[in-house]
Each structure stands twice: as structure tokens, then as C-alpha cells.
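Single-structure report; data block below.
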Amino acid sequence: MRKVRTAVIGYGKVAHCHAQALKNLPESEFVAVCGRNISKVNEFAEKYNVKGYTSIEDMAAKSGVEAVVVCTPHPVHAESAIPALRAGLHVLVEKPLSTSLADCDAMIKEAEENGVILGGICQRRFYTPVQGCY
């Protein structure tokens, strides 16, 4: 089985959850982290033994990453997802997909135009109180 080269964008609390999952999934080769603050990126990269980047475009061009999980603060999900989608990466975004409909529409459009998959986290979809929503 070929492993998918994966990365996280962001280095906060939820990024650590995703990093552990990507590191442990047999289908994943966790290779990179990207974020704005180089010292925090380097700290995160060292912890998970991956390469750190401060530019999504640079990460996409140099790391061979194929799919990313966006773990940035909610208001900037689109700011991270759109360049990743534009670079041809599959993108999974922590909930919510975005804080505005315009951002969601822009992300969906970018995924469609680049032939990549865009997904959003919904870890409670199987909880009984939520079942009626789907």
C-alpha cells in the first residue's frame, strides 16, 4: 500500500491531535508542518520529526505533501486552505469549514477548479442528538 504524504497547517492544540493521528495511520506518511511563527513551527516539527515551513506554497513545492489538515484559528481557515487547494493538495479543515459563507464558497470553488478533495471535520456525526441533522 502506498502511503499518502501528509502535513498539518497550524501548531496549536488540535494540530497535535491530528499530528499524532497522521503519524500513526498506516496509510499516512506525516512529513511536514506549516505555520506563521518559525520558532513554533520548528518546535512542532522537532517534536514529530517532520520538516517545518512558513509558506504553504513552499511546503507544497518542496515536501512532496499530497494532503493537509488545516488546524488554524477558525477565522483564517480559508487563508490556509485556498493556497493549499491551489497547490493541488487535498485539504481537510477542522470545524467549522469557515466563519463565512463567502470563504466556504471560495474554498469549494478552488477545490473544484484544481480537481482536489476538500473536506470538513464533523467528529460528532454519529452522536444520537446529531443524527437528525444529516
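Each chain of the C-alpha cells is named A, B, ... in the order shown, its residues numbered from 1; ligands are numbered from 1 in display order.
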
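Residues of region 24-77 of chain A assigned to strand (DSSP E or B) by DSSP on this structure's backbone: Ser28, Glu29, Phe30, Val31, Ala32, Val33, Cys34, Lys51, Gly52, Tyr53, Ala67, Val68, Val69 and Val70 of chain A.
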
Shell around Ile108 (chain A) at 8 Å using only C-alpha atoms, local window under 4 positions removed, as an mmCIF file with C-alpha atoms, in the first residue's frame:
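Saved the output as result.cif:
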data_model
loop_
_atom_site.group_PDB
_atom_site.id
_atom_site.type_symbol
_atom_site.label_atom_id
_atom_site.label_comp_id
_atom_site.auth_asym_id
_atom_site.auth_seq_id
_atom_site.Cartn_x
_atom_site.Cartn_y
_atom_site.Cartn_z
ATOM 1 C CA CYS A 104 -16.698 28.429 2.155
ATOM 2 C CA GLU A 112 -13.362 22.075 -7.907
ATOM 3 C CA LEU A 118 -11.959 19.452 0.306
#

Could you list, with a cut-off of 8 Å and counting only C-alpha atoms, the residues of region 17-37 of chain A near region 58-68 of chain A, each shown with its nearest atom pair and the distance in Å rounded to one decimal, rows sorted by chain and ascending number, as JSON lines?
{"residue": "A:Val31", "atom": "CA", "partner": "A:Val65", "partner_atom": "CA", "distance": 7.1}
{"residue": "A:Ala32", "atom": "CA", "partner": "A:Ser63", "partner_atom": "CA", "distance": 7.1}
{"residue": "A:Cys34", "atom": "CA", "partner": "A:Met59", "partner_atom": "CA", "distance": 7.2}

Practice item. For region 54-56 of chain A, work out the shell of residues within 8 Å, counting only C-alpha atoms and skipping chain neighbours fewer than 3 positions away, then give it as a list in words. Key: Cys34, Gly35, Arg36, Asn37, Ile38, Val41, Met59, Ala60, Ser80, Pro83 and Ala84 of chain A

Point to revise | Residues within 12 Å of Lys23 (chain A), only C-alpha atoms, excluding chain neighbours under 4 positions, as number ranges by chain | key: A: 3-8, 15-19, 27-32, 47-50

Residue subset to file, keeping C-alpha atoms, as a PDB file, in the first residue's frame:
ATOM      1  CA  LYS A   3       1.283   5.965   1.824  1.00  0.00           C
ATOM      2  CA  VAL A   4      -0.138   9.463   1.321  1.00  0.00           C
ATOM      3  CA  ARG A   5       2.320  12.223   2.257  1.00  0.00           C
ATOM      4  CA  THR A   6       0.543  14.389   4.828  1.00  0.00           C
ATOM      5  CA  ALA A   7       1.024  17.646   6.736  1.00  0.00           C
ATOM      6  CA  VAL A   8      -0.725  19.928   9.187  1.00  0.00           C
ATOM      7  CA  ALA A  15      -2.842  20.235  15.456  1.00  0.00           C
ATOM      8  CA  HIS A  16      -1.177  17.903  17.949  1.00  0.00           C
ATOM      9  CA  CYS A  17      -4.218  15.575  17.821  1.00  0.00           C
ATOM     10  CA  HIS A  18      -4.044  15.463  14.041  1.00  0.00           C
ATOM     11  CA  ALA A  19      -0.258  15.086  14.018  1.00  0.00           C
ATOM     12  CA  GLU A  27      -1.857   4.994   5.187  1.00  0.00           C
ATOM     13  CA  SER A  28      -0.102   8.253   6.106  1.00  0.00           C
ATOM     14  CA  GLU A  29       3.466   9.408   5.895  1.00  0.00           C
ATOM     15  CA  PHE A  30       3.435  12.521   8.087  1.00  0.00           C
ATOM     16  CA  VAL A  31       6.127  14.799   6.628  1.00  0.00           C
ATOM     17  CA  ALA A  32       5.503  18.496   7.350  1.00  0.00           C
ATOM     18  CA  LYS A  47       8.512  17.005  18.258  1.00  0.00           C
ATOM     19  CA  TYR A  48       7.079  14.999  15.337  1.00  0.00           C
ATOM     20  CA  ASN A  49      10.295  14.640  13.335  1.00  0.00           C
ATOM     21  CA  VAL A  50       8.882  16.437  10.280  1.00  0.00           C
TER      22      VAL A  50
END

**Study point:** chain A: residues DSSP assigns to alpha helix (DSSP H), reported as an NGL selection string
**Key:** :A and (13-24 or 38-48 or 56-63 or 77-86 or 101-114)

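CA of Leu97 (chain A) to CA of Leu25 (chain A) spans 23.2 Å [interatomic distance, one decimal].
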
**Study point:** Best match for closeness to Val93 (chain A) among A:Met1, A:Val70, A:Ala45, A:Val116, counting only C-alpha atoms
**Key:** A:Val70

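In terms of minimum interatomic distance to Gly120 (chain A), A:Pro96 ranks closest within A:Pro96, A:Pro26, A:Gly52, A:Gly88, counting only C-alpha atoms.
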
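Omitting Glu113 (chain A) and its sequence neighbours fewer than 6 positions away, and counting only C-alpha atoms, the residues within 10 Å are Leu85, Arg86, Gly88 and Met107 of chain A.
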
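Considering the residues A:Asn42, A:Asn114, A:Asn24, A:Thr128 and counting only C-alpha atoms, Ala87 (chain A) has its shortest atom-to-atom contact with A:Asn114.
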
Point to revise | Contacts of Pro75 (chain A) at 9 Å (only C-alpha atoms; same-chain gap of 5+ positions) as a PyMOL selection string | key: chain A and resi 98-100

Write out, as an mmCIF file, in the first residue's frame, the residues just selected, with C-alpha atoms.
data_model
loop_
_atom_site.group_PDB
_atom_site.id
_atom_site.type_symbol
_atom_site.label_atom_id
_atom_site.label_comp_id
_atom_site.auth_asym_id
_atom_site.auth_seq_id
_atom_site.Cartn_x
_atom_site.Cartn_y
_atom_site.Cartn_z
ATOM 1 C CA SER A 98 -15.060 28.668 7.760
ATOM 2 C CA THR A 99 -16.715 31.529 9.593
ATOM 3 C CA SER A 100 -18.280 32.972 6.442
#

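Nearest to Lys13 (chain A) of all the residues A:Tyr53, A:Pro73, A:Ala111, A:Leu101 is A:Pro73, based on only C-alpha atoms.
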
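Among the candidate residues A:Val76, A:Cys122, A:Ala106, A:Ala81, the one lying nearest to Glu57 (chain A) is A:Ala81, with distances computed using only C-alpha atoms.
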